[in-house]
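**Student:** Below: one structure in structure tokens.
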Amino acid sequence: MKSIAASKISSTVAELCVRANVRLRPDVVSALKKAYCRENSHRAKELLRAIIANAAIAQRKRLAICQDTGMPVVFLEIGQEIRIIGDLYAAVQRGIEAGYRKGFLRNSIVRDPLTRGRPSYTPAVIHTDIVKGNSLKITVFPKGFGCENKSQLKMFKPTAELPEIKQLIIDAVKSAGPDACPPYIVGVGIGGTSDYAALLAKKALLRKITYPVTRTVYPNSKIEDDLLQQINRLNIGPMGLGGKTTALAVHIETYPTHIAGLPVAVNLSCHALRSASQVL
Amino acid sequence: MKRITPPLDSTQIKKLHRGERVFLSGFLYTARDQAHKRLIADLLSGKKLPFAIKGSVIYYCGPTKTPHGLAVGSCGPTTSSRMDAFTPILLRAGLCAMIGKGNRSEEVRQAVKRYRGVYFLTYAGCGALLAQYVKKTTPVTYKDLGPEAIVQLKVKDFPLIVGIDTRGRSIYNAKR
């Protein structure tokens, strides 16, 4: 049985915090560059140019892409054949603290949601999945709250039709409007329970952006590409100042659900969609 | 290309139109949610504010920590609408301009018009780029708020877009 030391997990998490926050994901950079070529309004082009330049400066100067270095969200895919020596969750939190300090990232976490208190770096939100195999995959996903605040959840009737669901997704983008740093990446979770739909929506943001969407949930309906086109006709555009680029991608994840329901959750990401993974 | 330097007065800002590019040099004060709450509490209880508010510019920003050898960390704008409830009171007290991202409430638009202020946008989600325009930071107050403390930023040619002009015209209501 393969063993992984908690200290190794801490150092990996720390490195991933810095990497995710200073190096924009290559698929996001590429999507932004494609959008830049597609736009013809002067202002939209200017703003996309600033966003692309920002990513280059961040990487060169090892400076955070955005001052909101997020609430750290950590996904652990734990192979059922490995053994972890030490306290796994404590190791993750130690790694977050070390990484955020090392990267000069922002301490944006308050200890209590009501009484608030002095901001610190931790705790992260941790999601664990037990999977087959003998490896541990760690993903650090710093989630900014400008866009997190625009999340939506609706429990539809089981008889609801696809156009109603699409409307909720489009309305979520409309209501975020110019506020949450468009162009957005739209994560959608459909099915499961209310909590599970919300988790699926967040996981959908981790999928690589491709044109057209490569792993679609309903291969015959092109639902994600259709939604992307509809959203990009809203003319919200970069920074909400108009243009063809309101979203860079729509990703949907689904799960079986109950005969009485149809949960749909939307989790938006700003254009600074940041994540980094490592397999141990 | 228009350039402005705080403290701002009506001659500097009355000719700015929504959508226009402007470059600001001089001093900004960072303030976001909790700092606003405290500023308003100070104002309402008749206490002196921690900086001279007349003609001043507030930047809705909570920078990251400053890496060694740099003037500031990543420092882009946060969502302005969270400060909407506090803004008219500050404008009445003499605040001249705000810098942030996104739309404002109707009340803020009206208050900007009434008190002849201006609301600016800057590059949203571009904190590393905007850090290049910041030359110096000086802590002012509320240190216990961490990244939400009020800090004075000395900037040079900080890039802005007029979001709401002194006549209350908003870039988001303009036909595109």
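In the structure tokens, each chain is lettered A, B, ... as it comes, each chain's residues begin at 1, and ligands are numbered from 1 in order of appearance.
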Could you find all residues in stretch 160-234 of chain A that DSSP calls strand (DSSP E or B) from the backbone, and write them as a PDB file with N, CA, C and O atoms, in the first residue's frame?
**Tutor:**
```pdb
ATOM      1  N   TYR A 184     -17.581  35.894 -18.204  1.00  0.00           N
ATOM      2  CA  TYR A 184     -17.727  34.846 -17.203  1.00  0.00           C
ATOM      3  C   TYR A 184     -17.448  33.456 -17.765  1.00  0.00           C
ATOM      4  O   TYR A 184     -17.502  33.233 -18.964  1.00  0.00           O
ATOM      5  N   ILE A 185     -17.214  32.517 -16.851  1.00  0.00           N
ATOM      6  CA  ILE A 185     -17.295  31.103 -17.165  1.00  0.00           C
ATOM      7  C   ILE A 185     -18.469  30.611 -16.316  1.00  0.00           C
ATOM      8  O   ILE A 185     -18.532  30.906 -15.116  1.00  0.00           O
ATOM      9  N   VAL A 186     -19.419  29.943 -16.953  1.00  0.00           N
ATOM     10  CA  VAL A 186     -20.678  29.605 -16.300  1.00  0.00           C
ATOM     11  C   VAL A 186     -20.673  28.115 -15.949  1.00  0.00           C
ATOM     12  O   VAL A 186     -20.647  27.271 -16.844  1.00  0.00           O
ATOM     13  N   GLY A 187     -20.665  27.818 -14.658  1.00  0.00           N
ATOM     14  CA  GLY A 187     -20.729  26.429 -14.198  1.00  0.00           C
ATOM     15  C   GLY A 187     -22.157  26.104 -13.803  1.00  0.00           C
ATOM     16  O   GLY A 187     -22.797  26.887 -13.097  1.00  0.00           O
ATOM     17  N   VAL A 188     -22.657  24.963 -14.267  1.00  0.00           N
ATOM     18  CA  VAL A 188     -24.037  24.583 -13.974  1.00  0.00           C
ATOM     19  C   VAL A 188     -24.060  23.151 -13.444  1.00  0.00           C
ATOM     20  O   VAL A 188     -23.396  22.271 -13.994  1.00  0.00           O
ATOM     21  N   GLY A 189     -24.818  22.944 -12.373  1.00  0.00           N
ATOM     22  CA  GLY A 189     -25.038  21.602 -11.847  1.00  0.00           C
ATOM     23  C   GLY A 189     -26.514  21.288 -11.916  1.00  0.00           C
ATOM     24  O   GLY A 189     -27.337  22.086 -11.448  1.00  0.00           O
ATOM     25  N   ILE A 190     -26.861  20.169 -12.531  1.00  0.00           N
ATOM     26  CA  ILE A 190     -28.268  19.792 -12.635  1.00  0.00           C
ATOM     27  C   ILE A 190     -28.435  18.398 -12.035  1.00  0.00           C
ATOM     28  O   ILE A 190     -27.730  17.469 -12.420  1.00  0.00           O
ATOM     29  N   GLY A 191     -29.372  18.260 -11.088  1.00  0.00           N
ATOM     30  CA  GLY A 191     -29.672  16.950 -10.512  1.00  0.00           C
ATOM     31  C   GLY A 191     -29.148  16.783  -9.098  1.00  0.00           C
ATOM     32  O   GLY A 191     -28.735  17.756  -8.456  1.00  0.00           O
ATOM     33  N   GLY A 192     -29.198  15.569  -8.610  1.00  0.00           N
ATOM     34  CA  GLY A 192     -28.786  15.279  -7.238  1.00  0.00           C
ATOM     35  C   GLY A 192     -29.732  15.938  -6.248  1.00  0.00           C
ATOM     36  O   GLY A 192     -30.949  15.959  -6.429  1.00  0.00           O
TER      37      GLY A 192
END
```
**Student:** Kindly provide, as a ChimeraX atom specification, the residues of chain B having any atom no farther than 7 Å from an atom of chain A, counting only C-alpha atoms.
**Tutor:** /B:62-67,73-76,79,101-103,124-129,144-147,176
**Student:** Grab the residues selected above and save them as a compact mmCIF listing (two decimals), in the first residue's frame with all heavy atoms.
**Tutor:**
```txt
# COMPACT_ATOMS: atom_id res chain seq x y z
N GLY B 62 -9.12 46.16 -1.83
CA GLY B 62 -8.39 45.54 -0.72
C GLY B 62 -7.22 44.78 -1.32
O GLY B 62 -7.39 43.66 -1.78
N PRO B 63 -6.04 45.40 -1.34
CA PRO B 63 -4.90 44.79 -2.03
C PRO B 63 -4.43 43.50 -1.36
O PRO B 63 -4.71 43.26 -0.18
CB PRO B 63 -3.79 45.85 -1.93
CG PRO B 63 -4.44 47.10 -1.45
CD PRO B 63 -5.67 46.68 -0.71
N THR B 64 -3.67 42.71 -2.11
CA THR B 64 -2.98 41.56 -1.52
C THR B 64 -1.80 42.12 -0.73
O THR B 64 -1.53 43.32 -0.75
CB THR B 64 -2.43 40.60 -2.60
OG1 THR B 64 -1.59 41.34 -3.48
CG2 THR B 64 -3.55 39.95 -3.39
N LYS B 65 -1.07 41.22 -0.04
CA LYS B 65 0.12 41.65 0.69
C LYS B 65 1.15 42.17 -0.33
O LYS B 65 1.16 41.72 -1.47
CB LYS B 65 0.72 40.47 1.44
CG LYS B 65 -0.24 39.83 2.43
CD LYS B 65 -0.16 40.48 3.79
CE LYS B 65 -1.20 39.84 4.70
NZ LYS B 65 -1.17 40.38 6.05
N THR B 66 2.00 43.08 0.12
CA THR B 66 3.00 43.66 -0.78
C THR B 66 4.24 42.78 -0.85
O THR B 66 4.90 42.57 0.16
CB THR B 66 3.40 45.07 -0.30
OG1 THR B 66 2.21 45.85 -0.19
CG2 THR B 66 4.36 45.73 -1.26
N PRO B 67 4.56 42.22 -2.04
CA PRO B 67 5.78 41.42 -2.15
C PRO B 67 7.02 42.29 -1.97
O PRO B 67 6.97 43.50 -2.22
CB PRO B 67 5.72 40.88 -3.59
CG PRO B 67 4.30 41.03 -4.02
CD PRO B 67 3.78 42.23 -3.28
N GLY B 73 0.78 45.27 -3.60
CA GLY B 73 0.42 43.97 -4.17
C GLY B 73 -0.59 44.15 -5.28
O GLY B 73 -0.78 45.26 -5.80
N SER B 74 -1.25 43.06 -5.62
CA SER B 74 -2.30 43.12 -6.63
C SER B 74 -3.42 44.02 -6.09
O SER B 74 -3.81 43.90 -4.93
CB SER B 74 -2.81 41.69 -6.86
OG SER B 74 -3.63 41.63 -8.00
N CYS B 75 -3.95 44.93 -6.91
CA CYS B 75 -4.86 45.94 -6.34
C CYS B 75 -5.95 46.39 -7.32
O CYS B 75 -6.04 47.58 -7.63
CB CYS B 75 -4.09 47.12 -5.80
SG CYS B 75 -3.05 47.91 -7.04
N GLY B 76 -6.77 45.47 -7.75
CA GLY B 76 -7.90 45.83 -8.62
C GLY B 76 -9.12 46.24 -7.82
O GLY B 76 -9.13 46.17 -6.58
N THR B 79 -16.47 44.96 -6.16
CA THR B 79 -17.81 45.30 -6.65
C THR B 79 -18.38 46.50 -5.90
O THR B 79 -18.61 46.45 -4.69
CB THR B 79 -18.75 44.09 -6.48
OG1 THR B 79 -18.12 42.94 -7.04
CG2 THR B 79 -20.09 44.31 -7.17
N LYS B 101 -15.90 48.78 -9.63
CA LYS B 101 -16.36 48.05 -10.82
C LYS B 101 -17.85 47.78 -10.71
O LYS B 101 -18.38 47.60 -9.60
CB LYS B 101 -15.58 46.75 -10.99
CG LYS B 101 -15.86 45.69 -9.93
CD LYS B 101 -15.26 44.35 -10.34
CE LYS B 101 -15.10 43.40 -9.17
NZ LYS B 101 -16.01 42.27 -9.20
N GLY B 102 -18.53 47.81 -11.84
CA GLY B 102 -19.93 47.44 -11.91
C GLY B 102 -20.87 48.61 -11.69
O GLY B 102 -20.46 49.75 -11.45
N ASN B 103 -22.16 48.29 -11.73
CA ASN B 103 -23.21 49.30 -11.68
C ASN B 103 -23.48 49.78 -10.26
O ASN B 103 -23.07 49.15 -9.29
CB ASN B 103 -24.49 48.72 -12.29
CG ASN B 103 -25.33 49.79 -12.98
OD1 ASN B 103 -25.11 50.99 -12.77
ND2 ASN B 103 -26.28 49.37 -13.78
N ALA B 124 -11.40 45.84 -14.29
CA ALA B 124 -11.86 44.85 -13.31
C ALA B 124 -11.12 43.53 -13.47
O ALA B 124 -10.99 43.03 -14.58
CB ALA B 124 -13.36 44.65 -13.47
N GLY B 125 -10.66 43.00 -12.35
CA GLY B 125 -9.95 41.72 -12.40
C GLY B 125 -8.55 41.85 -12.96
O GLY B 125 -7.98 40.90 -13.48
N CYS B 126 -7.98 43.06 -12.87
CA CYS B 126 -6.64 43.31 -13.43
C CYS B 126 -5.72 43.89 -12.36
O CYS B 126 -5.05 44.90 -12.58
CB CYS B 126 -6.74 44.23 -14.63
SG CYS B 126 -7.69 43.53 -15.99
N GLY B 127 -5.71 43.27 -11.19
CA GLY B 127 -4.96 43.79 -10.05
C GLY B 127 -3.46 43.87 -10.26
O GLY B 127 -2.80 44.77 -9.71
N ALA B 128 -2.91 42.95 -11.04
CA ALA B 128 -1.46 42.96 -11.28
C ALA B 128 -1.10 44.12 -12.21
O ALA B 128 -0.11 44.82 -12.01
CB ALA B 128 -1.01 41.63 -11.87
N LEU B 129 -1.94 44.34 -13.21
CA LEU B 129 -1.74 45.45 -14.15
C LEU B 129 -1.85 46.80 -13.42
O LEU B 129 -1.00 47.68 -13.57
CB LEU B 129 -2.78 45.37 -15.28
CG LEU B 129 -2.85 46.50 -16.29
CD1 LEU B 129 -1.61 46.49 -17.18
CD2 LEU B 129 -4.09 46.38 -17.16
N ASP B 144 -6.83 46.70 12.03
CA ASP B 144 -7.39 45.40 12.43
C ASP B 144 -8.27 44.78 11.34
O ASP B 144 -8.60 43.60 11.41
CB ASP B 144 -8.21 45.56 13.73
CG ASP B 144 -9.39 46.50 13.53
OD1 ASP B 144 -9.16 47.67 13.17
OD2 ASP B 144 -10.54 46.05 13.71
N LEU B 145 -8.65 45.56 10.35
CA LEU B 145 -9.49 45.01 9.28
C LEU B 145 -8.65 44.28 8.23
O LEU B 145 -9.18 43.79 7.23
CB LEU B 145 -10.31 46.12 8.60
CG LEU B 145 -11.41 46.77 9.44
CD1 LEU B 145 -12.10 47.87 8.65
CD2 LEU B 145 -12.45 45.73 9.88
N GLY B 146 -7.33 44.21 8.43
CA GLY B 146 -6.47 43.49 7.48
C GLY B 146 -6.55 44.13 6.10
O GLY B 146 -6.31 45.34 5.96
N PRO B 147 -6.92 43.34 5.08
CA PRO B 147 -6.96 43.90 3.72
C PRO B 147 -8.04 44.97 3.55
O PRO B 147 -8.05 45.67 2.55
CB PRO B 147 -7.25 42.68 2.85
CG PRO B 147 -7.78 41.64 3.76
CD PRO B 147 -7.24 41.92 5.12
N ARG B 176 -25.62 51.35 -26.60
CA ARG B 176 -24.38 50.89 -27.17
C ARG B 176 -24.64 50.38 -28.59
O ARG B 176 -25.61 49.74 -28.83
CB ARG B 176 -23.79 49.74 -26.36
CG ARG B 176 -23.51 50.07 -24.94
CD ARG B 176 -22.66 49.00 -24.31
NE ARG B 176 -23.42 47.88 -23.78
CZ ARG B 176 -23.72 47.73 -22.50
NH1 ARG B 176 -23.36 48.63 -21.63
NH2 ARG B 176 -24.38 46.66 -22.09
```
**Student:** Would you work out the distance separating atom CA of A:Ile165 from atom CA of A:Ile223, expressed in Å to one decimal?
**Tutor:**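 These atoms are spaced 10.8 Å apart.
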**Student:** Compare A:Ala6, A:Val29, A:Ala91, A:Ile84 by their minimum atom-to-atom distance to A:Thr210, counting only C-alpha atoms, and give me the closest one.
**Tutor:**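 Result for the nearest residue to A:Thr210: A:Val29.
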**Student:** Would you kindly return, as a PyMOL selection string, each protein, DNA or RNA residue with an atom no farther than 7 Å from any atom of A:Phe156, considering only C-alpha atoms and excluding same-chain residues fewer than 5 positions away?
**Tutor:** chain A and resi 261-263
**Student:** Leaving out B:Leu8 and any residue of its chain fewer than 3 positions from it, which residues lie within 7 Å of it when counting only C-alpha atoms, given as a ChimeraX atom specification?
**Tutor:** /B:5,12,55-56,96
**Student:** Please return as a list in words: the residues of stretch 5-99 of chain B that backbone DSSP assigns to helix (DSSP H, G or I).
**Tutor:**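 Here are the helix (DSSP H, G or I) residues of stretch 5-99 of chain B: Ser10, Thr11, Gln12, Ile13, Asp33, Gln34, Ala35, His36, Lys37, Arg38, Leu39, Ile40, Ala41, Asp42, Leu43, Leu44, Ser80, Ser81, Arg82, Met83, Thr87, Pro88, Ile89, Leu90, Leu91 and Arg92 of chain B.
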**Student:** Include N, CA, C and O atoms and write out the residues we just selected as an mmCIF file, in the first residue's frame.
**Tutor:**
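Saved result, result17.cif, follows:
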```cif
data_model
loop_
_atom_site.group_PDB
_atom_site.id
_atom_site.type_symbol
_atom_site.label_atom_id
_atom_site.label_comp_id
_atom_site.auth_asym_id
_atom_site.auth_seq_id
_atom_site.Cartn_x
_atom_site.Cartn_y
_atom_site.Cartn_z
ATOM 1 N N SER B 10 -14.844 71.159 -8.820
ATOM 2 C CA SER B 10 -15.793 71.094 -9.933
ATOM 3 C C SER B 10 -15.128 71.429 -11.267
ATOM 4 O O SER B 10 -15.481 70.874 -12.294
ATOM 5 N N THR B 11 -14.108 72.293 -11.258
ATOM 6 C CA THR B 11 -13.490 72.623 -12.548
ATOM 7 C C THR B 11 -12.793 71.394 -13.154
ATOM 8 O O THR B 11 -12.753 71.239 -14.362
ATOM 9 N N GLN B 12 -12.273 70.530 -12.293
ATOM 10 C CA GLN B 12 -11.582 69.346 -12.815
ATOM 11 C C GLN B 12 -12.536 68.294 -13.353
ATOM 12 O O GLN B 12 -12.197 67.548 -14.260
ATOM 13 N N ILE B 13 -13.713 68.199 -12.744
ATOM 14 C CA ILE B 13 -14.562 67.050 -13.099
ATOM 15 C C ILE B 13 -15.806 67.389 -13.900
ATOM 16 O O ILE B 13 -16.423 66.505 -14.476
ATOM 17 N N ASP B 33 -16.133 47.365 2.326
ATOM 18 C CA ASP B 33 -17.338 47.194 3.155
ATOM 19 C C ASP B 33 -17.194 47.655 4.618
ATOM 20 O O ASP B 33 -17.909 48.554 5.064
ATOM 21 N N GLN B 34 -16.304 47.012 5.366
ATOM 22 C CA GLN B 34 -16.238 47.275 6.812
ATOM 23 C C GLN B 34 -15.725 48.686 7.096
ATOM 24 O O GLN B 34 -16.164 49.327 8.059
ATOM 25 N N ALA B 35 -14.797 49.172 6.260
ATOM 26 C CA ALA B 35 -14.277 50.531 6.442
ATOM 27 C C ALA B 35 -15.405 51.541 6.226
ATOM 28 O O ALA B 35 -15.502 52.540 6.951
ATOM 29 N N HIS B 36 -16.268 51.268 5.249
ATOM 30 C CA HIS B 36 -17.405 52.158 5.011
ATOM 31 C C HIS B 36 -18.331 52.204 6.230
ATOM 32 O O HIS B 36 -18.786 53.261 6.637
ATOM 33 N N LYS B 37 -18.576 51.026 6.784
ATOM 34 C CA LYS B 37 -19.443 50.946 7.959
ATOM 35 C C LYS B 37 -18.891 51.837 9.080
ATOM 36 O O LYS B 37 -19.630 52.577 9.730
ATOM 37 N N ARG B 38 -17.573 51.774 9.271
ATOM 38 C CA ARG B 38 -16.948 52.566 10.340
ATOM 39 C C ARG B 38 -16.931 54.060 10.008
ATOM 40 O O ARG B 38 -17.139 54.894 10.898
ATOM 41 N N LEU B 39 -16.650 54.390 8.742
ATOM 42 C CA LEU B 39 -16.633 55.809 8.353
ATOM 43 C C LEU B 39 -18.005 56.444 8.619
ATOM 44 O O LEU B 39 -18.098 57.556 9.144
ATOM 45 N N ILE B 40 -19.056 55.713 8.276
ATOM 46 C CA ILE B 40 -20.406 56.232 8.458
ATOM 47 C C ILE B 40 -20.715 56.380 9.948
ATOM 48 O O ILE B 40 -21.284 57.386 10.387
ATOM 49 N N ALA B 41 -20.290 55.384 10.739
ATOM 50 C CA ALA B 41 -20.509 55.460 12.187
ATOM 51 C C ALA B 41 -19.801 56.688 12.760
ATOM 52 O O ALA B 41 -20.351 57.411 13.592
ATOM 53 N N ASP B 42 -18.570 56.951 12.287
ATOM 54 C CA ASP B 42 -17.810 58.134 12.732
ATOM 55 C C ASP B 42 -18.549 59.414 12.368
ATOM 56 O O ASP B 42 -18.685 60.318 13.194
ATOM 57 N N LEU B 43 -19.002 59.460 11.126
ATOM 58 C CA LEU B 43 -19.711 60.662 10.642
ATOM 59 C C LEU B 43 -20.965 60.931 11.463
ATOM 60 O O LEU B 43 -21.209 62.048 11.909
ATOM 61 N N LEU B 44 -21.751 59.868 11.676
ATOM 62 C CA LEU B 44 -23.032 60.034 12.365
ATOM 63 C C LEU B 44 -22.855 60.390 13.831
ATOM 64 O O LEU B 44 -23.708 61.018 14.435
ATOM 65 N N SER B 80 -18.636 47.582 -6.631
ATOM 66 C CA SER B 80 -19.029 48.856 -6.013
ATOM 67 C C SER B 80 -20.393 48.803 -5.341
ATOM 68 O O SER B 80 -20.620 49.493 -4.335
ATOM 69 N N SER B 81 -21.313 48.016 -5.896
ATOM 70 C CA SER B 81 -22.705 48.071 -5.427
ATOM 71 C C SER B 81 -22.838 47.694 -3.946
ATOM 72 O O SER B 81 -23.788 48.108 -3.300
ATOM 73 N N ARG B 82 -21.869 46.977 -3.398
ATOM 74 C CA ARG B 82 -21.939 46.640 -1.971
ATOM 75 C C ARG B 82 -21.795 47.886 -1.096
ATOM 76 O O ARG B 82 -22.150 47.860 0.074
ATOM 77 N N MET B 83 -21.259 48.953 -1.669
ATOM 78 C CA MET B 83 -21.055 50.190 -0.900
ATOM 79 C C MET B 83 -22.192 51.192 -1.135
ATOM 80 O O MET B 83 -22.173 52.306 -0.592
ATOM 81 N N THR B 87 -22.715 55.310 0.233
ATOM 82 C CA THR B 87 -22.132 56.325 -0.650
ATOM 83 C C THR B 87 -22.800 57.708 -0.575
ATOM 84 O O THR B 87 -22.082 58.719 -0.479
ATOM 85 N N PRO B 88 -24.145 57.801 -0.599
ATOM 86 C CA PRO B 88 -24.739 59.149 -0.549
ATOM 87 C C PRO B 88 -24.312 59.945 0.675
ATOM 88 O O PRO B 88 -24.081 61.156 0.586
ATOM 89 N N ILE B 89 -24.161 59.289 1.829
ATOM 90 C CA ILE B 89 -23.762 59.991 3.061
ATOM 91 C C ILE B 89 -22.337 60.544 2.913
ATOM 92 O O ILE B 89 -22.046 61.666 3.332
ATOM 93 N N LEU B 90 -21.462 59.759 2.299
ATOM 94 C CA LEU B 90 -20.078 60.216 2.120
ATOM 95 C C LEU B 90 -20.003 61.350 1.099
ATOM 96 O O LEU B 90 -19.222 62.291 1.266
ATOM 97 N N LEU B 91 -20.812 61.260 0.053
ATOM 98 C CA LEU B 91 -20.832 62.338 -0.950
ATOM 99 C C LEU B 91 -21.289 63.641 -0.301
ATOM 100 O O LEU B 91 -20.733 64.711 -0.543
ATOM 101 N N ARG B 92 -22.305 63.528 0.568
ATOM 102 C CA ARG B 92 -22.813 64.703 1.263
ATOM 103 C C ARG B 92 -21.717 65.315 2.147
ATOM 104 O O ARG B 92 -21.618 66.522 2.306
#
```
**Student:** Which polymer residues have any atom within 9 Å of an atom of A:Ala35, counting only C-alpha atoms, with same-chain residues fewer than 5 positions away left out, as an mmCIF file with N, CA, C and O atoms, in the first residue's frame?
**Tutor:**
```
data_model
loop_
_atom_site.group_PDB
_atom_site.id
_atom_site.type_symbol
_atom_site.label_atom_id
_atom_site.label_comp_id
_atom_site.auth_asym_id
_atom_site.auth_seq_id
_atom_site.Cartn_x
_atom_site.Cartn_y
_atom_site.Cartn_z
ATOM 1 N N SER A 30 -6.076 31.189 -23.524
ATOM 2 C CA SER A 30 -6.367 30.928 -24.926
ATOM 3 C C SER A 30 -7.793 31.356 -25.288
ATOM 4 O O SER A 30 -8.027 31.941 -26.355
ATOM 5 N N LYS A 45 -12.259 45.314 -27.143
ATOM 6 C CA LYS A 45 -10.893 44.888 -27.474
ATOM 7 C C LYS A 45 -9.895 45.458 -26.465
ATOM 8 O O LYS A 45 -9.003 44.765 -25.989
ATOM 9 N N LEU A 48 -10.225 43.548 -23.149
ATOM 10 C CA LEU A 48 -9.665 42.198 -23.234
ATOM 11 C C LEU A 48 -8.138 42.262 -23.296
ATOM 12 O O LEU A 48 -7.448 41.425 -22.714
ATOM 13 N N LYS A 244 -19.285 41.192 -27.714
ATOM 14 C CA LYS A 244 -19.750 39.842 -28.033
ATOM 15 C C LYS A 244 -19.322 38.825 -26.982
ATOM 16 O O LYS A 244 -19.704 37.673 -27.047
ATOM 17 N N THR A 245 -18.446 39.256 -26.057
ATOM 18 C CA THR A 245 -17.868 38.290 -25.112
ATOM 19 C C THR A 245 -18.423 38.517 -23.718
ATOM 20 O O THR A 245 -17.837 39.239 -22.915
ATOM 21 N N LEU A 248 -17.062 33.036 -21.604
ATOM 22 C CA LEU A 248 -16.060 32.294 -22.372
ATOM 23 C C LEU A 248 -16.485 30.848 -22.540
ATOM 24 O O LEU A 248 -16.059 30.176 -23.467
#
```
**Student:** Quick one: residues within 12 Å of B:Thr137, only C-alpha atoms counted, chain neighbours fewer than 2 positions away excluded, as a list in words?
**Tutor:** Gly26, Phe27, Leu28, Tyr29, Thr30, Pro63, Lys65, Thr66, Leu70, Ala71, Val72, Gly73, Cys75, Ala131, Tyr133, Val134, Lys135, Pro139, Val140, Ala149, Ile150, Val151, Gln152, Leu153, Lys154 and Val155 of chain B
